[in-house]
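Engineer: Input target.pdb, format and content: PDB, C-alpha atoms.
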ATOM      1  CA  MET A   1     -43.299 -24.876  68.048  1.00  0.00           C
ATOM      2  CA  THR A   2     -46.177 -24.494  70.523  1.00  0.00           C
ATOM      3  CA  THR A   3     -49.633 -23.229  69.579  1.00  0.00           C
ATOM      4  CA  ALA A   4     -49.009 -20.015  71.491  1.00  0.00           C
ATOM      5  CA  SER A   5     -45.745 -19.467  69.627  1.00  0.00           C
ATOM      6  CA  LYS A   6     -47.426 -20.048  66.285  1.00  0.00           C
ATOM      7  CA  ARG A   7     -50.129 -17.513  67.152  1.00  0.00           C
ATOM      8  CA  ALA A   8     -47.544 -14.976  68.230  1.00  0.00           C
ATOM      9  CA  GLU A   9     -45.586 -15.498  65.025  1.00  0.00           C
ATOM     10  CA  ARG A  10     -48.735 -15.163  62.902  1.00  0.00           C
ATOM     11  CA  ALA A  11     -49.723 -12.007  64.779  1.00  0.00           C
ATOM     12  CA  GLY A  12     -46.275 -10.575  64.093  1.00  0.00           C
ATOM     13  CA  VAL A  13     -46.566 -11.359  60.400  1.00  0.00           C
ATOM     14  CA  ASP A  14     -50.060  -9.817  60.249  1.00  0.00           C
ATOM     15  CA  LYS A  15     -48.879  -6.682  62.050  1.00  0.00           C
ATOM     16  CA  PHE A  16     -45.947  -6.348  59.663  1.00  0.00           C
ATOM     17  CA  ALA A  17     -48.244  -6.766  56.623  1.00  0.00           C
ATOM     18  CA  LEU A  18     -50.716  -4.191  57.957  1.00  0.00           C
ATOM     19  CA  ARG A  19     -47.984  -1.657  58.655  1.00  0.00           C
ATOM     20  CA  ARG A  20     -46.450  -2.291  55.241  1.00  0.00           C
ATOM     21  CA  ARG A  21     -49.804  -1.678  53.576  1.00  0.00           C
ATOM     22  CA  ALA A  22     -50.392   1.500  55.590  1.00  0.00           C
ATOM     23  CA  LEU A  23     -47.010   2.878  54.533  1.00  0.00           C
ATOM     24  CA  ALA A  24     -47.683   2.036  50.891  1.00  0.00           C
ATOM     25  CA  GLU A  25     -51.054   3.787  51.082  1.00  0.00           C
ATOM     26  CA  ALA A  26     -49.413   6.869  52.566  1.00  0.00           C
ATOM     27  CA  ALA A  27     -46.733   6.840  49.868  1.00  0.00           C
ATOM     28  CA  LEU A  28     -49.171   6.302  47.015  1.00  0.00           C
ATOM     29  CA  GLU A  29     -50.172   9.960  46.795  1.00  0.00           C
ATOM     30  CA  ALA A  30     -46.556  11.061  46.501  1.00  0.00           C
ATOM     31  CA  ILE A  31     -45.810   8.503  43.802  1.00  0.00           C
ATOM     32  CA  ALA A  32     -48.975   9.396  41.883  1.00  0.00           C
ATOM     33  CA  GLU A  33     -48.181  13.104  41.983  1.00  0.00           C
ATOM     34  CA  ARG A  34     -44.501  12.918  41.042  1.00  0.00           C
ATOM     35  CA  GLY A  35     -44.404   9.831  38.795  1.00  0.00           C
ATOM     36  CA  PHE A  36     -42.082   6.844  38.946  1.00  0.00           C
ATOM     37  CA  ALA A  37     -38.927   8.369  37.476  1.00  0.00           C
ATOM     38  CA  ARG A  38     -38.939  11.414  39.785  1.00  0.00           C
ATOM     39  CA  THR A  39     -39.727   9.571  43.006  1.00  0.00           C
ATOM     40  CA  GLY A  40     -37.248   7.675  45.180  1.00  0.00           C
ATOM     41  CA  LEU A  41     -37.679   6.428  48.727  1.00  0.00           C
ATOM     42  CA  ARG A  42     -36.147   9.622  50.111  1.00  0.00           C
ATOM     43  CA  GLU A  43     -38.555  11.811  48.117  1.00  0.00           C
ATOM     44  CA  ILE A  44     -41.480   9.651  49.209  1.00  0.00           C
ATOM     45  CA  ALA A  45     -40.419  10.003  52.834  1.00  0.00           C
ATOM     46  CA  GLN A  46     -40.089  13.781  52.545  1.00  0.00           C
ATOM     47  CA  HIS A  47     -43.311  14.287  50.617  1.00  0.00           C
ATOM     48  CA  SER A  48     -45.505  12.005  52.715  1.00  0.00           C
ATOM     49  CA  GLU A  49     -43.889  12.740  56.123  1.00  0.00           C
ATOM     50  CA  LEU A  50     -42.894   9.102  56.490  1.00  0.00           C
ATOM     51  CA  SER A  51     -39.654   8.007  58.082  1.00  0.00           C
ATOM     52  CA  HIS A  52     -36.986   7.105  55.553  1.00  0.00           C
ATOM     53  CA  GLY A  53     -35.828   4.409  57.947  1.00  0.00           C
ATOM     54  CA  SER A  54     -39.307   2.894  58.261  1.00  0.00           C
ATOM     55  CA  LEU A  55     -39.609   2.641  54.488  1.00  0.00           C
ATOM     56  CA  HIS A  56     -36.297   0.779  54.328  1.00  0.00           C
ATOM     57  CA  TYR A  57     -37.410  -1.515  57.135  1.00  0.00           C
ATOM     58  CA  TYR A  58     -40.689  -2.518  55.518  1.00  0.00           C
ATOM     59  CA  PHE A  59     -39.616  -2.440  51.854  1.00  0.00           C
ATOM     60  CA  THR A  60     -36.478  -3.877  50.332  1.00  0.00           C
ATOM     61  CA  ASP A  61     -36.287  -1.106  47.733  1.00  0.00           C
ATOM     62  CA  LYS A  62     -38.330   1.343  45.669  1.00  0.00           C
ATOM     63  CA  ASN A  63     -39.623  -1.411  43.379  1.00  0.00           C
ATOM     64  CA  ASP A  64     -40.948  -3.365  46.362  1.00  0.00           C
ATOM     65  CA  LEU A  65     -42.876  -0.301  47.518  1.00  0.00           C
ATOM     66  CA  ILE A  66     -44.156   0.346  43.997  1.00  0.00           C
ATOM     67  CA  ALA A  67     -45.430  -3.232  43.738  1.00  0.00           C
ATOM     68  CA  GLU A  68     -47.410  -2.865  46.966  1.00  0.00           C
ATOM     69  CA  ALA A  69     -48.777   0.521  45.859  1.00  0.00           C
ATOM     70  CA  VAL A  70     -49.963  -0.959  42.546  1.00  0.00           C
ATOM     71  CA  ARG A  71     -51.880  -3.706  44.355  1.00  0.00           C
ATOM     72  CA  ILE A  72     -53.569  -1.114  46.557  1.00  0.00           C
ATOM     73  CA  SER A  73     -54.451   1.295  43.746  1.00  0.00           C
ATOM     74  CA  LYS A  74     -56.190  -1.395  41.691  1.00  0.00           C
ATOM     75  CA  GLY A  75     -57.365  -3.614  44.530  1.00  0.00           C
ATOM     76  CA  GLY A  76     -60.994  -2.491  44.726  1.00  0.00           C
ATOM     77  CA  LEU A  77     -61.775  -2.545  41.020  1.00  0.00           C
ATOM     78  CA  GLY A  78     -63.459  -5.937  40.988  1.00  0.00           C
ATOM     79  CA  ASP A  79     -65.616  -5.119  44.029  1.00  0.00           C
ATOM     80  CA  ARG A  80     -66.920  -1.908  42.445  1.00  0.00           C
ATOM     81  CA  TYR A  81     -68.072  -3.677  39.303  1.00  0.00           C
ATOM     82  CA  VAL A  82     -69.547  -6.591  41.241  1.00  0.00           C
ATOM     83  CA  ALA A  83     -71.675  -3.988  43.020  1.00  0.00           C
ATOM     84  CA  VAL A  84     -72.761  -2.559  39.653  1.00  0.00           C
ATOM     85  CA  MET A  85     -73.753  -6.036  38.437  1.00  0.00           C
ATOM     86  CA  GLU A  86     -75.705  -6.790  41.606  1.00  0.00           C
ATOM     87  CA  ARG A  87     -77.784  -3.638  41.207  1.00  0.00           C
ATOM     88  CA  ALA A  88     -78.593  -4.251  37.539  1.00  0.00           C
ATOM     89  CA  ASP A  89     -81.672  -6.252  36.510  1.00  0.00           C
ATOM     90  CA  THR A  90     -81.431  -5.474  32.795  1.00  0.00           C
ATOM     91  CA  ALA A  91     -78.668  -5.140  30.217  1.00  0.00           C
ATOM     92  CA  GLU A  92     -79.405  -1.416  29.957  1.00  0.00           C
ATOM     93  CA  GLU A  93     -79.029  -0.917  33.704  1.00  0.00           C
ATOM     94  CA  LEU A  94     -75.763  -2.828  33.720  1.00  0.00           C
ATOM     95  CA  ALA A  95     -74.306  -0.861  30.806  1.00  0.00           C
ATOM     96  CA  SER A  96     -75.385   2.450  32.314  1.00  0.00           C
ATOM     97  CA  GLY A  97     -74.040   1.579  35.769  1.00  0.00           C
ATOM     98  CA  ALA A  98     -70.703   0.372  34.416  1.00  0.00           C
ATOM     99  CA  ALA A  99     -70.342   3.442  32.184  1.00  0.00           C
ATOM    100  CA  ASP A 100     -71.122   5.737  35.135  1.00  0.00           C
ATOM    101  CA  GLU A 101     -68.553   3.988  37.339  1.00  0.00           C
ATOM    102  CA  LEU A 102     -65.890   4.092  34.640  1.00  0.00           C
ATOM    103  CA  ALA A 103     -66.456   7.801  34.015  1.00  0.00           C
ATOM    104  CA  ARG A 104     -66.463   8.541  37.754  1.00  0.00           C
ATOM    105  CA  SER A 105     -63.225   6.643  38.238  1.00  0.00           C
ATOM    106  CA  VAL A 106     -61.342   8.498  35.500  1.00  0.00           C
ATOM    107  CA  ARG A 107     -62.686  11.825  36.763  1.00  0.00           C
ATOM    108  CA  ASP A 108     -62.070  11.279  40.492  1.00  0.00           C
ATOM    109  CA  ASP A 109     -59.027   9.003  40.389  1.00  0.00           C
ATOM    110  CA  ALA A 110     -57.163  10.512  37.445  1.00  0.00           C
ATOM    111  CA  ALA A 111     -53.847  10.607  39.326  1.00  0.00           C
ATOM    112  CA  LEU A 112     -54.030   6.893  40.103  1.00  0.00           C
ATOM    113  CA  HIS A 113     -54.924   6.025  36.516  1.00  0.00           C
ATOM    114  CA  ARG A 114     -51.998   8.136  35.319  1.00  0.00           C
ATOM    115  CA  LEU A 115     -49.725   6.317  37.761  1.00  0.00           C
ATOM    116  CA  TRP A 116     -50.944   2.944  36.482  1.00  0.00           C
ATOM    117  CA  TYR A 117     -50.019   3.769  32.887  1.00  0.00           C
ATOM    118  CA  ASP A 118     -46.711   5.253  34.016  1.00  0.00           C
ATOM    119  CA  LEU A 119     -45.805   2.118  35.968  1.00  0.00           C
ATOM    120  CA  ARG A 120     -46.987  -0.227  33.248  1.00  0.00           C
ATOM    121  CA  ASN A 121     -44.654   1.500  30.804  1.00  0.00           C
ATOM    122  CA  GLN A 122     -41.804   1.514  33.323  1.00  0.00           C
ATOM    123  CA  SER A 123     -42.217  -2.222  33.906  1.00  0.00           C
ATOM    124  CA  LEU A 124     -40.842  -2.743  30.386  1.00  0.00           C
ATOM    125  CA  PHE A 125     -37.538  -1.373  31.697  1.00  0.00           C
ATOM    126  CA  GLU A 126     -37.740  -2.132  35.434  1.00  0.00           C
ATOM    127  CA  PRO A 127     -38.142  -5.885  35.997  1.00  0.00           C
ATOM    128  CA  GLY A 128     -38.484  -5.437  39.761  1.00  0.00           C
ATOM    129  CA  PHE A 129     -42.266  -4.976  39.699  1.00  0.00           C
ATOM    130  CA  GLY A 130     -43.114  -6.378  36.263  1.00  0.00           C
ATOM    131  CA  ASP A 131     -44.679  -9.521  37.738  1.00  0.00           C
ATOM    132  CA  THR A 132     -46.981  -7.382  39.889  1.00  0.00           C
ATOM    133  CA  ILE A 133     -48.085  -5.351  36.873  1.00  0.00           C
ATOM    134  CA  ALA A 134     -48.885  -8.572  34.986  1.00  0.00           C
ATOM    135  CA  GLU A 135     -50.775  -9.958  37.991  1.00  0.00           C
ATOM    136  CA  VAL A 136     -52.861  -6.817  38.460  1.00  0.00           C
ATOM    137  CA  GLU A 137     -53.508  -6.467  34.723  1.00  0.00           C
ATOM    138  CA  SER A 138     -54.836 -10.030  34.683  1.00  0.00           C
ATOM    139  CA  GLN A 139     -57.194  -9.156  37.548  1.00  0.00           C
ATOM    140  CA  VAL A 140     -58.427  -6.049  35.713  1.00  0.00           C
ATOM    141  CA  GLN A 141     -59.016  -8.089  32.558  1.00  0.00           C
ATOM    142  CA  GLU A 142     -61.012 -10.620  34.543  1.00  0.00           C
ATOM    143  CA  ALA A 143     -63.133  -7.893  36.175  1.00  0.00           C
ATOM    144  CA  ILE A 144     -63.944  -6.321  32.798  1.00  0.00           C
ATOM    145  CA  TRP A 145     -64.784  -9.687  31.296  1.00  0.00           C
ATOM    146  CA  ARG A 146     -67.235 -10.522  34.101  1.00  0.00           C
ATOM    147  CA  VAL A 147     -69.171  -7.350  33.315  1.00  0.00           C
ATOM    148  CA  VAL A 148     -69.148  -7.932  29.548  1.00  0.00           C
ATOM    149  CA  GLU A 149     -70.159 -11.566  29.982  1.00  0.00           C
ATOM    150  CA  ARG A 150     -73.018 -10.611  32.308  1.00  0.00           C
ATOM    151  CA  TYR A 151     -74.214  -8.021  29.788  1.00  0.00           C
ATOM    152  CA  SER A 152     -74.243 -10.721  27.110  1.00  0.00           C
ATOM    153  CA  ASP A 153     -76.292 -13.007  29.381  1.00  0.00           C
ATOM    154  CA  LEU A 154     -78.816 -10.261  30.099  1.00  0.00           C
ATOM    155  CA  CYS A 155     -79.125  -9.530  26.375  1.00  0.00           C
ATOM    156  CA  GLY A 156     -79.619 -13.224  25.614  1.00  0.00           C
ATOM    157  CA  ARG A 157     -77.050 -13.064  22.811  1.00  0.00           C
ATOM    158  CA  PRO A 158     -73.505 -14.455  22.559  1.00  0.00           C
ATOM    159  CA  CYS A 159     -70.616 -12.077  23.143  1.00  0.00           C
ATOM    160  CA  ARG A 160     -68.606 -11.148  20.054  1.00  0.00           C
ATOM    161  CA  PHE A 161     -65.505 -10.317  22.097  1.00  0.00           C
ATOM    162  CA  THR A 162     -62.856 -12.461  23.719  1.00  0.00           C
ATOM    163  CA  PRO A 163     -61.695 -11.501  27.247  1.00  0.00           C
ATOM    164  CA  LEU A 164     -58.435 -10.072  25.905  1.00  0.00           C
ATOM    165  CA  PHE A 165     -60.168  -8.085  23.156  1.00  0.00           C
ATOM    166  CA  ALA A 166     -62.690  -6.635  25.638  1.00  0.00           C
ATOM    167  CA  TYR A 167     -59.840  -5.609  27.920  1.00  0.00           C
ATOM    168  CA  ALA A 168     -57.752  -4.084  25.126  1.00  0.00           C
ATOM    169  CA  LEU A 169     -60.677  -1.990  23.860  1.00  0.00           C
ATOM    170  CA  THR A 170     -61.600  -0.801  27.340  1.00  0.00           C
ATOM    171  CA  ASP A 171     -58.016  -0.037  28.294  1.00  0.00           C
ATOM    172  CA  GLY A 172     -57.420   1.985  25.146  1.00  0.00           C
ATOM    173  CA  MET A 173     -60.664   3.878  25.674  1.00  0.00           C
ATOM    174  CA  ILE A 174     -59.708   4.732  29.269  1.00  0.00           C
ATOM    175  CA  GLN A 175     -56.185   5.816  28.385  1.00  0.00           C
ATOM    176  CA  HIS A 176     -57.277   8.171  25.626  1.00  0.00           C
ATOM    177  CA  ALA A 177     -60.026   9.657  27.813  1.00  0.00           C
ATOM    178  CA  LEU A 178     -57.525  10.161  30.626  1.00  0.00           C
ATOM    179  CA  ILE A 179     -55.081  11.975  28.342  1.00  0.00           C
ATOM    180  CA  ARG A 180     -57.826  14.289  27.083  1.00  0.00           C
ATOM    181  CA  HIS A 181     -59.126  14.880  30.613  1.00  0.00           C
ATOM    182  CA  LEU A 182     -55.681  15.755  31.993  1.00  0.00           C
ATOM    183  CA  ARG A 183     -55.168  18.174  29.102  1.00  0.00           C
ATOM    184  CA  GLY A 184     -58.292  20.059  30.130  1.00  0.00           C
ATOM    185  CA  ASP A 185     -60.874  18.651  27.715  1.00  0.00           C
ATOM    186  CA  GLY A 186     -64.143  19.324  29.508  1.00  0.00           C
ATOM    187  CA  GLU A 187     -66.003  16.797  27.353  1.00  0.00           C
ATOM    188  CA  ALA A 188     -63.594  13.904  27.894  1.00  0.00           C
ATOM    189  CA  ILE A 189     -65.452  12.246  30.783  1.00  0.00           C
ATOM    190  CA  GLU A 190     -68.893  12.382  29.194  1.00  0.00           C
ATOM    191  CA  ARG A 191     -67.420  11.184  25.903  1.00  0.00           C
ATOM    192  CA  LEU A 192     -65.893   8.236  27.757  1.00  0.00           C
ATOM    193  CA  ARG A 193     -69.284   7.358  29.187  1.00  0.00           C
ATOM    194  CA  ARG A 194     -70.879   7.391  25.725  1.00  0.00           C
ATOM    195  CA  GLU A 195     -68.048   5.332  24.256  1.00  0.00           C
ATOM    196  CA  CYS A 196     -68.481   2.765  27.025  1.00  0.00           C
ATOM    197  CA  LEU A 197     -72.180   2.407  26.213  1.00  0.00           C
ATOM    198  CA  GLU A 198     -71.340   2.017  22.523  1.00  0.00           C
ATOM    199  CA  LEU A 199     -68.788  -0.650  23.390  1.00  0.00           C
ATOM    200  CA  PHE A 200     -71.420  -2.639  25.262  1.00  0.00           C
ATOM    201  CA  THR A 201     -73.770  -2.410  22.288  1.00  0.00           C
ATOM    202  CA  ALA A 202     -71.040  -3.600  19.927  1.00  0.00           C
ATOM    203  CA  SER A 203     -70.145  -6.561  22.151  1.00  0.00           C
ATOM    204  CA  VAL A 204     -73.267  -8.604  21.316  1.00  0.00           C
TER     205      VAL A 204
END
Render the structure in this file as structure tokens.
Structural biologist:
Amino acid sequence: MTTASKRAERAGVDKFALRRRALAEAALEAIAERGFARTGLREIAQHSELSHGSLHYYFTDKNDLIAEAVRISKGGLGDRYVAVMERADTAEELASGAADELARSVRDDAALHRLWYDLRNQSLFEPGFGDTIAEVESQVQEAIWRVVERYSDLCGRPCRFTPLFAYALTDGMIQHALIRHLRGDGEAIERLRRECLELFTASV
């Protein structure tokens, strides 16, 4: 294969990947609003004004689309907390910044958080995107651990948590806050912020 042919092939692959991602982004809102069980490719196409044919061309099935949507919905998590760590010079600043970001995320991105928990539960029954859930969950655990570990360094004391324990505590805290928030509890977001600060304090 010539160099020009290789470049053309790579450009075709890149164009396909970009279009696939754009379609998944457009479908994400529909999936988040309706939930996994109530959303098929036809409903996604109707709700998001996408072509049913284009979805079938770029995705093998609903699970393939869901897997791509999961990667998108959680993709920027690590970058947001890296930014928090870069701005923080003290343990207190780091804890406050992380707590603010966590509270903001649950408040502003509640539908995406709800979708994440929905899909994580569904992956116990739908093996088609279970590997993606495990992959993304591992990335989330790593992002949380980087923050906790940095807090420990800034405090000058060893961390009492393991990476898995830190993730499990944070995940449970987020899920319960999300449930309360979606049920109309006006204090849920601020309570989550306080609980996050308390979790940092307990970690060292």
Engineer: Any chance you could resolve the PyMOL selection byres ((chain A and resi 95) around 8) against this file and give the residues as number ranges by chain?
Structural biologist: A: 91-94, 96-99, 151, 196-197, 200
Engineer: In the coordinates of the file, take the point (-47.0, 10.7, 49.7) and a cut-off of 10 Å; then, counting only C-alpha atoms, name each qualifying protein, DNA or RNA residue as a compact mmCIF listing (two decimals) with C-alpha atoms, in the coordinates of the input.
Structural biologist:
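Listing of part.txt after writing:
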# COMPACT_ATOMS: atom_id res chain seq x y z
CA LEU A 23 -47.01 2.88 54.53
CA ALA A 24 -47.68 2.04 50.89
CA GLU A 25 -51.05 3.79 51.08
CA ALA A 26 -49.41 6.87 52.57
CA ALA A 27 -46.73 6.84 49.87
CA LEU A 28 -49.17 6.30 47.02
CA GLU A 29 -50.17 9.96 46.80
CA ALA A 30 -46.56 11.06 46.50
CA ILE A 31 -45.81 8.50 43.80
CA ALA A 32 -48.98 9.40 41.88
CA GLU A 33 -48.18 13.10 41.98
CA ARG A 34 -44.50 12.92 41.04
CA THR A 39 -39.73 9.57 43.01
CA GLU A 43 -38.56 11.81 48.12
CA ILE A 44 -41.48 9.65 49.21
CA ALA A 45 -40.42 10.00 52.83
CA GLN A 46 -40.09 13.78 52.54
CA HIS A 47 -43.31 14.29 50.62
CA SER A 48 -45.50 12.00 52.72
CA GLU A 49 -43.89 12.74 56.12
CA LEU A 50 -42.89 9.10 56.49
Engineer: Given all atoms listed in the file as the basis, pick out the residue of A:Val148, A:Gln141, A:Ile179, A:Leu154 nearest to A:Tyr167.
Structural biologist: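 Nearest to A:Tyr167: A:Gln141.
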Engineer: Which residue gives the smallest distance to A:His176 among A:Arg157, A:Ser152, A:Arg114, A:Thr132, with all atoms listed in the file counted?
Structural biologist: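 Between A:Arg157, A:Ser152, A:Arg114, A:Thr132, the residue approaching A:His176 most closely is A:Arg114.
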Engineer: Using the chain letters and numbers from this file, what does the PyMOL selection byres ((chain A and resi 116) around 12) select? Give the answer as number ranges by chain.
Structural biologist: A: 28, 31-33, 35-36, 66-67, 69-74, 106, 109-115, 117-123, 132-134, 136-137, 140, 171, 174-175, 178
Engineer: Would you work out the distance separating atom CA of A:Ile144 from atom CA of A:Ala22, expressed in Å to one decimal?
Structural biologist: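 Between atom CA of A:Ile144 and atom CA of A:Ala22 the gap is 27.6 Å.
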Engineer: Please report, as JSON, the centre and edge lengths in Å to one decimal of an axis-aligned box covering all listed atoms of stretch 128-146 of chain A with 6 Å per side.
Structural biologist:
{"center_x": -52.9, "center_y": -7.8, "center_z": 35.6, "size_x": 40.8, "size_y": 17.6, "size_z": 20.6}
Engineer: So what do you get for atom CA of A:Phe129 versus atom CA of A:Leu65, distance-wise?
Structural biologist: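 Interatomic distance, atom CA of A:Phe129 to atom CA of A:Leu65: 9.1 Å.
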Engineer: Measuring atom to atom with all atoms listed in the file, identify which of A:Arg160, A:Arg107, A:Arg146, A:Arg87 is nearest to A:Glu190.
Structural biologist: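 Once distances to A:Glu190 are computed over all atoms listed in the file, the minimum belongs to A:Arg107.
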Engineer: Find, counting all atoms listed in the file, the residue in A:Ala88, A:Leu192, A:Leu55, A:Leu124 that gets nearest to A:Gly172.
Structural biologist: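 Under the stated criterion, the closest residue is A:Leu192.
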Engineer: For A:His56, which residue out of A:Phe161, A:Arg20, A:Asp185, A:Asp89 is the nearest one, using all atoms listed in the file?
Structural biologist: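 With all atoms listed in the file as the atom set, the closest residue is A:Arg20.
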Engineer: Just to confirm, what's the straight-line distance from atom CA of A:Arg19 to atom CA of A:Glu68 in Å (one decimal)?
Structural biologist: 11.8 Å
Engineer: Go through A:Ala103, A:Ala168, A:Leu41, A:Cys155 and flag the residue nearest A:Arg191, using all atoms listed in the file for the distances.
Structural biologist: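 Looking only at the distances to A:Arg191, the closest residue turns out to be A:Ala103.
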Engineer: Please list as a list in words every residue within 9 Å of A:Leu199, counting all atoms listed in the file and excluding residues in the same chain fewer than 4 positions away.
Structural biologist: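 Contacts, in chain order: Ala166, Leu169, Thr170, Arg194, Glu195 and Ser203 of chain A.
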Engineer: Residues at most 8 Å from A:Met85, counting only C-alpha atoms, excluding those fewer than 4 positions away in the same chain, as an MDAnalysis selection string?
Structural biologist: chainID A and resid 81 94 147 150
